[in-house]
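Student: Below is the file entry-v4.txt, with compact mmCIF, C-alpha atoms.
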# COMPACT_ATOMS: atom_id res chain seq x y z
CA MET I 1 9.66 -15.10 -17.33
CA GLY I 2 7.30 -12.63 -15.64
CA LYS I 3 7.05 -12.08 -11.93
CA ILE I 4 4.16 -13.16 -9.70
CA ILE I 5 3.14 -9.98 -7.85
CA VAL I 6 0.61 -9.89 -5.00
CA ILE I 7 -0.90 -6.45 -4.30
CA THR I 8 -3.13 -5.63 -1.33
CA GLY I 9 -5.72 -2.88 -1.60
CA ALA I 10 -5.77 -3.53 -5.34
CA GLY I 11 -9.37 -2.62 -6.07
CA ASP I 12 -8.83 1.13 -6.19
CA GLY I 13 -6.28 3.93 -6.13
CA LEU I 14 -2.58 3.14 -6.18
CA GLY I 15 -3.17 -0.60 -5.86
CA ARG I 16 -5.31 -0.66 -8.99
CA ALA I 17 -2.80 1.47 -10.88
CA LEU I 18 0.01 -0.90 -9.90
CA ALA I 19 -2.01 -3.93 -11.01
CA ARG I 20 -2.69 -2.33 -14.37
CA ARG I 21 0.94 -1.30 -14.82
CA PHE I 22 2.46 -4.66 -13.96
CA ALA I 23 -0.07 -6.59 -16.02
CA ARG I 24 0.77 -4.35 -18.97
CA ASP I 25 4.45 -5.12 -18.37
CA GLY I 26 3.76 -8.83 -18.69
CA GLU I 27 3.78 -9.72 -14.99
CA THR I 28 1.17 -11.93 -13.32
CA VAL I 29 -0.77 -9.97 -10.72
CA VAL I 30 -2.79 -11.25 -7.79
CA LEU I 31 -5.21 -8.62 -6.52
CA LEU I 32 -6.34 -8.65 -2.90
CA GLY I 33 -9.02 -6.37 -1.47
CA ARG I 34 -11.79 -6.26 1.11
CA THR I 35 -14.45 -5.62 -1.53
CA ALA I 36 -14.58 -8.63 -3.83
CA ALA I 37 -16.47 -6.79 -6.57
CA LYS I 38 -13.75 -4.15 -6.88
CA VAL I 39 -10.79 -6.49 -7.26
CA GLN I 40 -12.78 -8.82 -9.50
CA ALA I 41 -13.64 -5.90 -11.77
CA VAL I 42 -9.98 -4.94 -12.10
CA ALA I 43 -8.94 -8.55 -12.71
CA GLY I 44 -11.67 -8.85 -15.34
CA GLU I 45 -10.35 -5.74 -17.04
CA LEU I 46 -6.82 -7.16 -17.05
CA GLY I 47 -7.79 -10.65 -18.13
CA ALA I 48 -5.87 -13.88 -17.59
CA PRO I 49 -3.64 -14.64 -15.80
CA ALA I 50 -4.68 -11.94 -13.30
CA MET I 51 -6.31 -13.34 -10.17
CA ALA I 52 -8.57 -11.59 -7.64
CA LEU I 53 -9.38 -12.63 -4.09
CA CYS I 54 -11.38 -11.06 -1.29
CA CYS I 55 -9.06 -10.46 1.65
CA ASP I 56 -9.29 -8.28 4.75
CA VAL I 57 -5.61 -7.78 5.61
CA GLY I 58 -6.53 -6.87 9.17
CA ASN I 59 -8.04 -10.31 9.73
CA PRO I 60 -5.37 -13.04 10.01
CA ASP I 61 -7.84 -15.80 9.12
CA SER I 62 -8.85 -13.95 5.96
CA VAL I 63 -5.18 -13.54 5.05
CA ARG I 64 -4.46 -17.24 5.58
CA GLU I 65 -7.47 -18.22 3.46
CA ALA I 66 -6.43 -15.91 0.63
CA PHE I 67 -2.86 -17.17 0.52
CA ALA I 68 -4.03 -20.77 0.64
CA GLU I 69 -5.96 -20.02 -2.55
CA ILE I 70 -2.96 -18.25 -4.09
CA ALA I 71 -0.71 -21.21 -3.31
CA LYS I 72 -2.98 -23.54 -5.28
CA VAL I 73 -2.12 -21.56 -8.42
CA HIS I 74 1.23 -19.98 -7.51
CA PRO I 75 3.22 -21.98 -4.94
CA ARG I 76 5.87 -19.28 -5.17
CA ILE I 77 5.48 -15.52 -5.49
CA ASP I 78 8.14 -12.96 -6.37
CA VAL I 79 6.77 -9.73 -4.94
CA LEU I 80 4.38 -8.68 -2.19
CA ILE I 81 3.21 -5.06 -2.17
CA ASN I 82 1.55 -4.09 1.11
CA ASN I 83 -0.51 -1.20 -0.17
CA ALA I 84 -3.86 -1.51 1.65
CA GLY I 85 -4.50 1.31 4.07
CA ILE I 86 -7.12 3.45 5.77
CA PHE I 87 -6.64 7.22 5.68
CA GLU I 88 -9.06 9.11 7.92
CA PRO I 89 -8.71 12.25 10.06
CA PHE I 90 -10.03 12.75 13.59
CA THR I 91 -9.10 14.24 16.94
CA LEU I 92 -8.35 12.21 20.04
CA GLY I 93 -11.52 13.38 21.76
CA GLU I 94 -13.82 12.22 18.97
CA VAL I 95 -12.19 9.07 17.58
CA SER I 96 -14.29 5.92 17.97
CA ASP I 97 -13.19 2.44 18.97
CA ALA I 98 -13.93 1.26 15.45
CA GLN I 99 -11.81 3.97 13.84
CA ILE I 100 -8.83 3.20 16.07
CA MET I 101 -9.03 -0.53 15.45
CA ALA I 102 -9.56 -0.15 11.71
CA GLN I 103 -6.38 1.86 11.19
CA LEU I 104 -4.27 -0.21 13.58
CA MET I 105 -5.38 -3.50 12.04
CA THR I 106 -5.28 -2.47 8.38
CA ASN I 107 -2.31 -0.10 8.29
CA LEU I 108 0.00 -1.80 10.78
CA ALA I 109 -1.12 -5.32 11.68
CA GLY I 110 -2.19 -5.96 8.08
CA PRO I 111 1.31 -5.86 6.55
CA MET I 112 2.50 -8.08 9.40
CA PHE I 113 -0.23 -10.67 8.87
CA VAL I 114 0.30 -10.63 5.11
CA GLY I 115 4.10 -10.60 5.26
CA ARG I 116 4.18 -13.48 7.74
CA THR I 117 1.80 -15.59 5.68
CA ALA I 118 3.52 -14.84 2.37
CA LEU I 119 7.07 -15.39 3.66
CA PRO I 120 7.34 -19.12 2.87
CA MET I 121 6.33 -18.30 -0.73
CA LEU I 122 8.87 -15.45 -1.00
CA ARG I 123 12.05 -17.11 0.26
CA ASP I 124 15.14 -17.16 -1.99
CA GLY I 125 14.70 -14.07 -4.09
CA GLY I 126 11.38 -12.51 -3.08
CA HIS I 127 10.73 -8.85 -2.40
CA ILE I 128 8.37 -7.12 0.05
CA ILE I 129 7.43 -3.51 -0.63
CA ASN I 130 5.63 -1.67 2.18
CA VAL I 131 3.83 1.52 1.18
CA SER I 132 4.31 4.32 3.67
CA SER I 133 3.36 7.99 3.75
CA GLU I 134 4.85 11.45 3.91
CA THR I 135 2.97 11.84 7.21
CA VAL I 136 5.91 10.02 8.81
CA HIS I 137 7.79 13.32 8.65
CA LEU I 138 5.03 15.81 7.77
CA GLN I 139 3.02 16.15 10.96
CA MET I 140 -0.52 16.91 9.85
CA PRO I 141 -3.22 17.69 12.42
CA MET I 142 -5.92 15.03 12.75
CA LEU I 143 -3.77 12.41 10.99
CA TRP I 144 -1.81 11.39 14.07
CA LEU I 145 -2.98 7.77 14.02
CA TYR I 146 -2.40 7.32 10.30
CA GLY I 147 1.07 8.83 10.65
CA ALA I 148 1.79 6.70 13.71
CA THR I 149 0.87 3.48 11.91
CA LYS I 150 3.10 4.37 8.97
CA THR I 151 5.97 5.33 11.27
CA ALA I 152 5.68 2.00 13.05
CA LEU I 153 5.49 0.17 9.70
CA GLU I 154 8.72 1.82 8.60
CA TYR I 155 10.41 0.81 11.85
CA ALA I 156 9.26 -2.79 11.41
CA SER I 157 10.40 -2.73 7.78
CA ARG I 158 13.91 -1.67 8.75
CA MET I 159 14.10 -4.60 11.15
CA TRP I 160 12.73 -6.99 8.52
CA MET I 161 15.47 -5.92 6.11
CA ASP I 162 18.11 -7.50 8.35
CA GLU I 163 15.95 -10.35 9.64
CA LEU I 164 14.89 -11.59 6.21
CA ALA I 165 18.23 -11.17 4.46
CA ALA I 166 19.16 -14.73 5.45
CA ASP I 167 15.98 -15.91 3.70
CA GLY I 168 16.96 -14.08 0.52
CA VAL I 169 14.06 -11.65 0.83
CA ARG I 170 14.53 -7.94 0.20
CA VAL I 171 12.36 -5.32 1.92
CA THR I 172 11.76 -1.81 0.61
CA VAL I 173 9.66 1.05 1.95
CA VAL I 174 8.12 3.44 -0.55
CA ARG I 175 7.19 6.62 1.32
CA ALA I 176 4.70 8.43 -0.87
CA GLY I 177 3.19 11.90 -0.99
CA PRO I 178 -0.33 12.84 -2.16
CA MET I 179 -1.61 11.26 -5.36
CA MET I 180 -4.89 10.64 -7.12
CA ASP I 181 -6.45 9.94 -10.52
CA GLU I 182 -9.47 10.98 -12.55
CA THR I 183 -11.85 8.84 -10.47
CA LYS I 184 -11.09 10.85 -7.32
CA THR I 185 -13.57 13.68 -7.63
CA GLY I 186 -13.75 14.53 -3.94
CA THR I 187 -13.28 13.27 -0.42
CA SER I 188 -15.28 10.41 1.05
CA TRP I 189 -15.11 12.05 4.48
CA PRO I 190 -18.12 13.91 5.90
CA ILE I 191 -17.93 17.52 4.73
CA GLU I 192 -17.71 18.82 8.30
CA VAL I 193 -14.70 16.57 8.99
CA ALA I 194 -13.02 17.56 5.73
CA MET I 195 -13.47 21.26 6.53
CA ARG I 196 -12.04 20.91 10.03
CA PHE I 197 -9.12 18.91 8.67
CA HIS I 198 -8.36 21.60 6.11
CA GLN I 199 -8.66 24.42 8.64
CA ALA I 200 -6.48 22.65 11.21
CA ASN I 201 -3.73 22.16 8.65
CA VAL I 202 -3.90 25.73 7.37
CA LYS I 203 -3.24 26.89 10.94
CA VAL I 204 0.10 25.06 10.93
CA GLY I 205 1.04 26.23 7.43
CA ILE I 206 -0.16 23.26 5.37
CA ASP I 207 -2.72 24.37 2.78
CA MET I 208 -3.97 21.29 0.97
CA ARG I 209 -5.35 23.40 -1.88
CA GLU I 210 -1.89 24.68 -2.74
CA ARG I 211 0.02 21.40 -2.49
CA PRO I 212 0.85 19.55 -5.73
CA ILE I 213 -0.64 16.10 -6.27
CA SER I 214 0.88 13.40 -8.46
CA HIS I 215 -0.98 10.82 -10.54
CA TYR I 216 -1.14 7.20 -9.44
CA ASN I 217 0.20 6.17 -12.84
CA SER I 218 3.31 8.27 -12.35
CA ALA I 219 3.99 6.58 -9.02
CA THR I 220 3.96 3.15 -10.64
CA ASP I 221 7.26 4.02 -12.34
CA VAL I 222 8.87 4.11 -8.90
CA PHE I 223 7.70 0.60 -8.03
CA ARG I 224 8.86 -0.64 -11.43
CA ALA I 225 12.32 0.78 -10.78
CA VAL I 226 12.47 -0.79 -7.31
CA LEU I 227 11.67 -4.23 -8.70
CA ASP I 228 14.18 -3.86 -11.50
CA MET I 229 17.14 -3.15 -9.21
CA PRO I 230 20.08 -5.53 -9.87
CA ALA I 231 20.49 -8.35 -7.36
CA ASP I 232 23.55 -6.70 -5.82
CA LEU I 233 21.70 -3.46 -5.06
CA HIS I 234 19.04 -2.78 -2.47
CA LEU I 235 16.78 0.20 -1.92
CA GLY I 236 15.69 0.32 1.70
CA LEU I 237 13.71 3.56 1.55
CA VAL I 238 12.41 5.44 -1.46
CA THR I 239 10.77 8.80 -0.85
CA VAL I 240 8.39 10.06 -3.54
CA GLY I 241 6.82 13.50 -3.49
CA ALA I 242 4.54 15.35 -5.87
CA GLN I 243 5.59 18.39 -7.86
CA ARG I 244 3.90 20.62 -10.40
CA PRO I 245 5.00 20.06 -14.01
CA ALA I 246 7.19 22.84 -15.37
Any chance you could give the structure as structure tokens?

Tutor:
Amino acid sequence: MGKIIVITGAGDGLGRALARRFARDGETVVLLGRTAAKVQAVAGELGAPAMALCCDVGNPDSVREAFAEIAKVHPRIDVLINNAGIFEPFTLGEVSDAQIMAQLMTNLAGPMFVGRTALPMLRDGGHIINVSSETVHLQMPMLWLYGATKTALEYASRMWMDELAADGVRVTVVRAGPMMDETKTGTSWPIEVAMRFHQANVKVGIDMRERPISHYNSATDVFRAVLDMPADLHLGLVTVGAQRPA
């Protein structure tokens, strides 16, 4: 019998790739995203029994409403993938209130709101996967808040591993490097911001133009392997980096 898998940030990028992969594998996917049209389009592409719901993970009321709808169809879920995130560069002197709150609420509070709400549906065999970033150890200029939220998420995840063991819930962190697909033709950042980000990183020896980038579809194999681990094995942290094909 297939798994019931809830994926946040499922309307685009890695979340969409995961939804497509797991649906193809015969799992039932529930797609959550802030933009209803995006997740509905992916669910429409996948067909039944895929389910799409509008959900802002940084808003606890929105999370509760989404999971109330999920529970009407799936009282129990097998997997929660906290994938939603905001990735935006800035310096301390220029960052706005809105930018600070958006990353804190989506990248850090979001997995907490979602994990807390989903927990009753995950007990006795469920699995939480929190998506982290290489910026936890690769200190990139102008990404200090993004890296800080992912570092804090990893810390929380390590604590959840012990805390939730009694509930029969496993917790895994997937720390991922850069990835994209054919739909990513450029950055959504203002060109001036993108140029300053690139220049700041070159100064510390990180040239984004020379770094390899993996495909979202390739990364889905990692998540598949994590979910297929035998019951007597647990992966706490999986680190995935890009490399150029030989």

Student: Which is closest to I:Ala176 among I:Lys150, I:Arg196, I:Arg158, I:Arg123, if we use only C-alpha atoms?

Tutor: I:Lys150

Student: For I:Ile129, work out the shell of residues within 8 Å, counting all atoms listed in the file and skipping chain neighbours fewer than 4 positions away, then give it as a short mmCIF file (atom, residue, chain, number, x, y, z; two decimals) with C-alpha atoms, in the frame of the given file.

Tutor:
data_model
loop_
_atom_site.label_atom_id
_atom_site.label_comp_id
_atom_site.auth_asym_id
_atom_site.auth_seq_id
_atom_site.Cartn_x
_atom_site.Cartn_y
_atom_site.Cartn_z
CA VAL I 79 6.77 -9.73 -4.94
CA LEU I 80 4.38 -8.68 -2.19
CA ILE I 81 3.21 -5.06 -2.17
CA ASN I 82 1.55 -4.09 1.11
CA VAL I 171 12.36 -5.32 1.92
CA THR I 172 11.76 -1.81 0.61
CA VAL I 173 9.66 1.05 1.95
CA VAL I 174 8.12 3.44 -0.55
#

Student: Please, what distance in Å, to one decimal, runs between atom CA of I:Leu104 and atom CA of I:Thr91?

Tutor: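 Computing it gives 15.6 Å between the two atoms.
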
Student: Out of I:Leu14, I:Val95, I:Ile191, I:Ala23, which residue has the shortest atom-to-atom distance to I:Thr220 when counting only C-alpha atoms?

Tutor: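 The closest residue to I:Thr220 is I:Leu14.
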
Student: With all atoms listed in the file as the atoms that count, which of I:Leu119, I:Ile128, I:Ala37, I:Met112 lies nearest to I:Leu235?

Tutor: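 For I:Leu235, the nearest of the given residues is I:Ile128.
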